[in-house]
Amino acid sequence: MEENKFNFSEDTPKEDLVQESKDAVKKDAVGLFASFRIYLRELLDFRDDTDRDATVEAIKADIPLKGATAWILICSIFVASIGLNANSTAVVIGAMLISPLMGPILGLGMSLAINDIDTLKKSLINLTTMIVLSLLTAFLFFKFFPLSEETSELLGRTRPDIRDVLIAFFGGAALMIARTKKGTIASVIFGVAIATALMPPLCTAGFGLAKNMKYFWGAMYLFTINTIFIGLAAFVVLKVLRFPMLKYANSKKRKRIAQLASLVAVIVMIPAIRTFYNVWTETKYEMGFKNFVKNEVESNDDLWSQRDPVLDQDTKKIKLYFNGEISPAMENSLRNSYKNYENIQGFDLVINSNKSRSADVVAEMLKKSEIRNEQKDILVTGLQQQVDSLELFIKSLKSSEINMLDYKEVARDAKIKFNDLKSFGYATMFESKDFVKMDTISIAKITWNSQLSDSVKTIKDETLKLWLKDRIKAKKVVIKSE
């Protein structure tokens with residue numbers, strides 16, 4: 001006969017029964033907690049699934065820049081530069097996937113973690129070479145490519161914030177965990193390559209060297225953040241996994257190298273911590289500034305901004321510019337509400353109002369505007385005679401050369417000569433630069449095959465322009481391509 005878990009016999013005191021119940025509940029609770037702890041350990045612990053030797057060898061193999069790796073880097077820089085110039089996110093992502101820049105950065109973190117001074121030197125040399133080669137390639141592209149312009153993809157890589165720091169660190173951590181796992185997770189590596197975005201900042205820095213140096217410093221700042229925090233994440237992951245330190249036969253050399261590696265790690269940590277603090281502070285300033293402008297300026301219908309507000313973090317000033325005179329009551333209201341935004345309390349609020357636009361001055365400007373309108377009426381009356389005389393000229397044109405042009409015949413010839421032409425139309429208009437002499441202009445509105453690239457369409461526009469000018473005997477032809 002099995003023994004009952006609880007003894008409910010009448011001979012057992014009630015206090016003992018209660019105590020037995022409590023002890024049983026505690027025992028079950030302890031068992032449940034132990035089971036949950038084991039579950040969490042199995043869920044989050046990745047040490048048992050680590051291939052240390054293969055990880056070290058794989059990272060070392062990705063460090064060197066020579067032969068095919070160098071050409072892959074150059075090609076990826078060109079692809080990223082073209083994508084940034086064309087404002088194409090898809091092209092930029094493609095460049096990130098083929099870039100070999102991640103190798104030396106992981107090598108830096110690993111060499112510091114395992115006390116490998118030779119790998120540290122190799123990683124620094126190859127990373128420096130990659131940066132110089134990337135900057136040179138991007139510089140040459142933007143310097144000599146005729147269609148380079150500032151795009152949102154380019155400008156988006158010139159002002160890092162706290163999110164870029166977190167993306168770099170956690171992306172680097174994910175990449176390092178994936179590299180240490182038995183059987184590399186390719187999708188994780190590709191995802192980190194896209195998220196950390198090492199290529200676009202270098203291409204933007206090359207654009208800055210070629211066009212505007214202010215973009216160079218901002219882009220290099222972002223690239224430095226990504227590099228430092230990816231390497232730092234690799235260092236932390238390998239320390240958590242307790243990768244063995246590299247041993248040297250000479251004890252003095254081992255100690256000296258360990259000290260040197262520790263010194264380099266501290267040197268890297270200092271700017272990393274400082275960068276994180278600076279970016280965190282700048283981000284708080286930006287958020288406080290945007291909230292203040294949105295809530296107190298943009299939402300106030302009585303305030304008319306003459307230009308965008310300015311947050312000057314160097315001089316610790318917030319500058320507001322208003323079109324019109326600001327009353328003392330309104331200025332006091334702005335300054336009082338400004339005190340409610342803690343993130344920008346250290347800044348001075350500078351209010352610039354355009355006092356010259358007072359009510360009297362505005363009234364005077366309205367009078368001058370009325371005078372100018374009267375002068376325009378006189379000018380229109382004087383030009384009416386020219387318009388009347390031109391009507392005869394227009395009628396003569398309609399009755400002669402223009403009516404003789406068979407649109408169907410011209411359109412048919414255009415389609416025969418240009419197979420990629422999807423739609424075609426033209427009209428004649430008149431243009432005058434001095435309101436006396438009139439010029440005849442033929443405007444052709446066309447649509448090309450959507451599969452053609454923009455450069456090919458540009459060439460075909462010029463060819464069609466020359467052909468149409470000769471075909472309809474026009475002095476001036478303007479092509480409007482859709």
# chains A, B, ... in the order shown; residues from 1 in each chain; ligands from 1
>>> residues_around(residues="range 271-288 of chain A", least_positions_apart="5", cutoff="12 Å", atoms="only C-alpha atoms", output="PyMOL selection string")
chain A and resi 159-166+168-169+221-222+224-233+264-266+293-296+309-314+316-318+338-347
>>> write_last_selection(atoms="N, CA and C atoms", output="CSV table (one decimal), in the first residue's frame")
chain,number,residue,atom,x,y,z
A,159,ARG,N,25.5,62.2,-39.9
A,159,ARG,CA,25.1,62.6,-38.5
A,159,ARG,C,24.7,61.4,-37.7
A,160,PRO,N,25.6,60.7,-37.0
A,160,PRO,CA,25.3,59.6,-36.2
A,160,PRO,C,24.6,60.0,-34.9
A,161,ASP,N,23.8,59.0,-34.4
A,161,ASP,CA,23.1,59.2,-33.1
A,161,ASP,C,23.3,58.0,-32.3
A,162,ILE,N,22.6,57.9,-31.1
A,162,ILE,CA,22.8,56.8,-30.2
A,162,ILE,C,22.3,55.5,-30.8
A,163,ARG,N,21.4,55.5,-31.8
A,163,ARG,CA,20.9,54.3,-32.4
A,163,ARG,C,22.0,53.6,-33.2
A,164,ASP,N,22.9,54.5,-33.8
A,164,ASP,CA,24.0,53.9,-34.6
A,164,ASP,C,25.0,53.1,-33.7
A,165,VAL,N,25.2,53.7,-32.5
A,165,VAL,CA,26.1,53.0,-31.5
A,165,VAL,C,25.5,51.7,-31.1
A,166,LEU,N,24.2,51.6,-30.8
A,166,LEU,CA,23.6,50.4,-30.3
A,166,LEU,C,23.5,49.4,-31.5
A,168,ALA,N,25.6,49.1,-34.0
A,168,ALA,CA,27.0,48.6,-34.2
A,168,ALA,C,27.3,47.5,-33.1
A,169,PHE,N,27.0,47.9,-31.8
A,169,PHE,CA,27.4,46.9,-30.7
A,169,PHE,C,26.7,45.6,-30.8
A,221,TYR,N,33.2,59.9,-38.8
A,221,TYR,CA,32.8,59.7,-37.4
A,221,TYR,C,31.8,58.5,-37.2
A,222,LEU,N,30.9,58.4,-38.2
A,222,LEU,CA,30.0,57.3,-38.1
A,222,LEU,C,30.7,56.0,-38.4
A,224,THR,N,33.8,55.3,-37.7
A,224,THR,CA,34.6,55.1,-36.5
A,224,THR,C,33.8,54.4,-35.4
A,225,ILE,N,32.6,55.0,-35.2
A,225,ILE,CA,31.7,54.4,-34.2
A,225,ILE,C,31.4,53.0,-34.6
A,226,ASN,N,31.0,52.7,-35.8
A,226,ASN,CA,30.7,51.3,-36.2
A,226,ASN,C,31.9,50.4,-36.0
A,227,THR,N,33.1,50.8,-36.3
A,227,THR,CA,34.3,50.0,-36.2
A,227,THR,C,34.6,49.7,-34.7
A,228,ILE,N,34.6,50.7,-33.9
A,228,ILE,CA,35.0,50.6,-32.5
A,228,ILE,C,34.0,49.7,-31.8
A,229,PHE,N,32.7,49.8,-32.0
A,229,PHE,CA,31.7,49.1,-31.2
A,229,PHE,C,31.5,47.7,-31.8
A,230,ILE,N,31.8,47.4,-33.1
A,230,ILE,CA,31.8,46.1,-33.6
A,230,ILE,C,32.9,45.3,-33.0
A,231,GLY,N,34.1,45.9,-33.0
A,231,GLY,CA,35.3,45.3,-32.4
A,231,GLY,C,35.1,45.1,-30.9
A,232,LEU,N,34.5,46.1,-30.2
A,232,LEU,CA,34.2,45.9,-28.8
A,232,LEU,C,33.3,44.8,-28.5
A,233,ALA,N,32.2,44.6,-29.3
A,233,ALA,CA,31.3,43.5,-29.1
A,233,ALA,C,32.0,42.2,-29.3
A,264,VAL,N,46.2,48.4,-25.2
A,264,VAL,CA,45.4,48.7,-26.5
A,264,VAL,C,43.9,48.6,-26.2
A,265,ALA,N,43.5,47.6,-25.4
A,265,ALA,CA,42.1,47.4,-25.1
A,265,ALA,C,41.6,48.6,-24.3
A,266,VAL,N,42.4,49.1,-23.4
A,266,VAL,CA,41.9,50.3,-22.6
A,266,VAL,C,41.9,51.5,-23.5
A,293,VAL,N,10.3,72.7,-30.3
A,293,VAL,CA,9.9,73.4,-31.5
A,293,VAL,C,8.5,72.9,-32.0
A,294,LYS,N,8.3,71.6,-31.9
A,294,LYS,CA,7.0,71.0,-32.3
A,294,LYS,C,5.9,71.5,-31.4
A,295,ASN,N,6.1,71.5,-30.1
A,295,ASN,CA,5.0,71.8,-29.2
A,295,ASN,C,4.8,73.3,-29.0
A,296,GLU,N,5.8,74.1,-29.0
A,296,GLU,CA,5.7,75.5,-28.6
A,296,GLU,C,5.8,76.4,-29.8
A,309,PRO,N,14.3,76.8,-37.1
A,309,PRO,CA,15.1,77.0,-35.9
A,309,PRO,C,16.4,76.3,-35.9
A,310,VAL,N,17.4,76.7,-35.2
A,310,VAL,CA,18.7,76.2,-35.2
A,310,VAL,C,19.1,75.8,-33.8
A,311,LEU,N,19.6,74.5,-33.7
A,311,LEU,CA,20.2,74.0,-32.4
A,311,LEU,C,21.7,74.0,-32.6
A,312,ASP,N,22.4,75.0,-32.0
A,312,ASP,CA,23.8,75.1,-32.0
A,312,ASP,C,24.5,74.5,-30.8
A,313,GLN,N,24.9,73.2,-30.9
A,313,GLN,CA,25.5,72.5,-29.8
A,313,GLN,C,26.8,73.0,-29.4
A,314,ASP,N,27.5,73.7,-30.3
A,314,ASP,CA,28.9,74.2,-30.0
A,314,ASP,C,28.8,75.4,-29.0
A,316,LYS,N,25.9,76.2,-27.4
A,316,LYS,CA,24.9,76.0,-26.5
A,316,LYS,C,23.7,77.0,-26.6
A,317,LYS,N,23.3,77.2,-27.9
A,317,LYS,CA,22.2,78.2,-28.1
A,317,LYS,C,21.2,77.6,-29.0
A,318,ILE,N,19.9,77.9,-28.7
A,318,ILE,CA,18.8,77.6,-29.6
A,318,ILE,C,18.3,78.9,-30.2
A,338,TYR,N,9.9,77.0,-22.3
A,338,TYR,CA,11.2,76.4,-22.6
A,338,TYR,C,11.8,75.7,-21.4
A,339,LYS,N,11.5,76.2,-20.2
A,339,LYS,CA,12.0,75.7,-19.0
A,339,LYS,C,11.5,74.3,-18.7
A,340,ASN,N,10.4,73.9,-19.3
A,340,ASN,CA,9.8,72.6,-19.1
A,340,ASN,C,10.5,71.4,-19.8
A,341,TYR,N,11.5,71.8,-20.6
A,341,TYR,CA,12.2,70.8,-21.4
A,341,TYR,C,13.6,70.6,-20.8
A,342,GLU,N,13.7,69.5,-20.0
A,342,GLU,CA,14.9,69.3,-19.2
A,342,GLU,C,16.2,69.0,-20.1
A,343,ASN,N,16.0,68.4,-21.2
A,343,ASN,CA,17.2,68.0,-22.0
A,343,ASN,C,17.9,69.2,-22.6
A,344,ILE,N,17.3,70.4,-22.7
A,344,ILE,CA,17.9,71.5,-23.3
A,344,ILE,C,18.0,72.7,-22.3
A,345,GLN,N,18.0,72.4,-21.0
A,345,GLN,CA,18.1,73.4,-20.0
A,345,GLN,C,19.4,74.2,-20.0
A,346,GLY,N,20.5,73.5,-20.5
A,346,GLY,CA,21.8,74.2,-20.5
A,346,GLY,C,22.0,75.2,-21.7
A,347,PHE,N,21.0,75.3,-22.6
A,347,PHE,CA,21.1,76.1,-23.7
A,347,PHE,C,20.4,77.5,-23.5
>>> residues_around(residues="Cys203 in chain A", least_positions_apart="4", cutoff="7 Å", atoms="only C-alpha atoms", output="JSON, numbers by chain")
{"A": [77, 80, 81, 135, 138, 199, 207]}
>>> residues_around(residues="range 241-243 of chain A", least_positions_apart="5", cutoff="12 Å", atoms="only C-alpha atoms", output="list in words")
Asp45, Phe46, Arg47, Asp48, Asp49, Thr50, Asp51, Arg52, Asp53, Ala54, Thr55, Val56, Met110, Ser111, Leu112, Ala113, Ile114, Asn115, Asp116, Met176, Ile177, Thr180, Lys181, Ala234, Phe235 and Val236 of chain A
>>> residues_around(residues="Lys465 in chain A", least_positions_apart="4", cutoff="12 Å", atoms="only C-alpha atoms", output="count of residues only")
25
>>> residues_around(residues="Phe216 in chain A", least_positions_apart="2", cutoff="8 Å", atoms="only C-alpha atoms", output="MDAnalysis selection string")
chainID A and resid 158 204:209 212:214 218:220
>>> atom_distance(atom1="CA of Val240 in chain A", atom2="CA of Ile125 in chain A")
27.0 Å
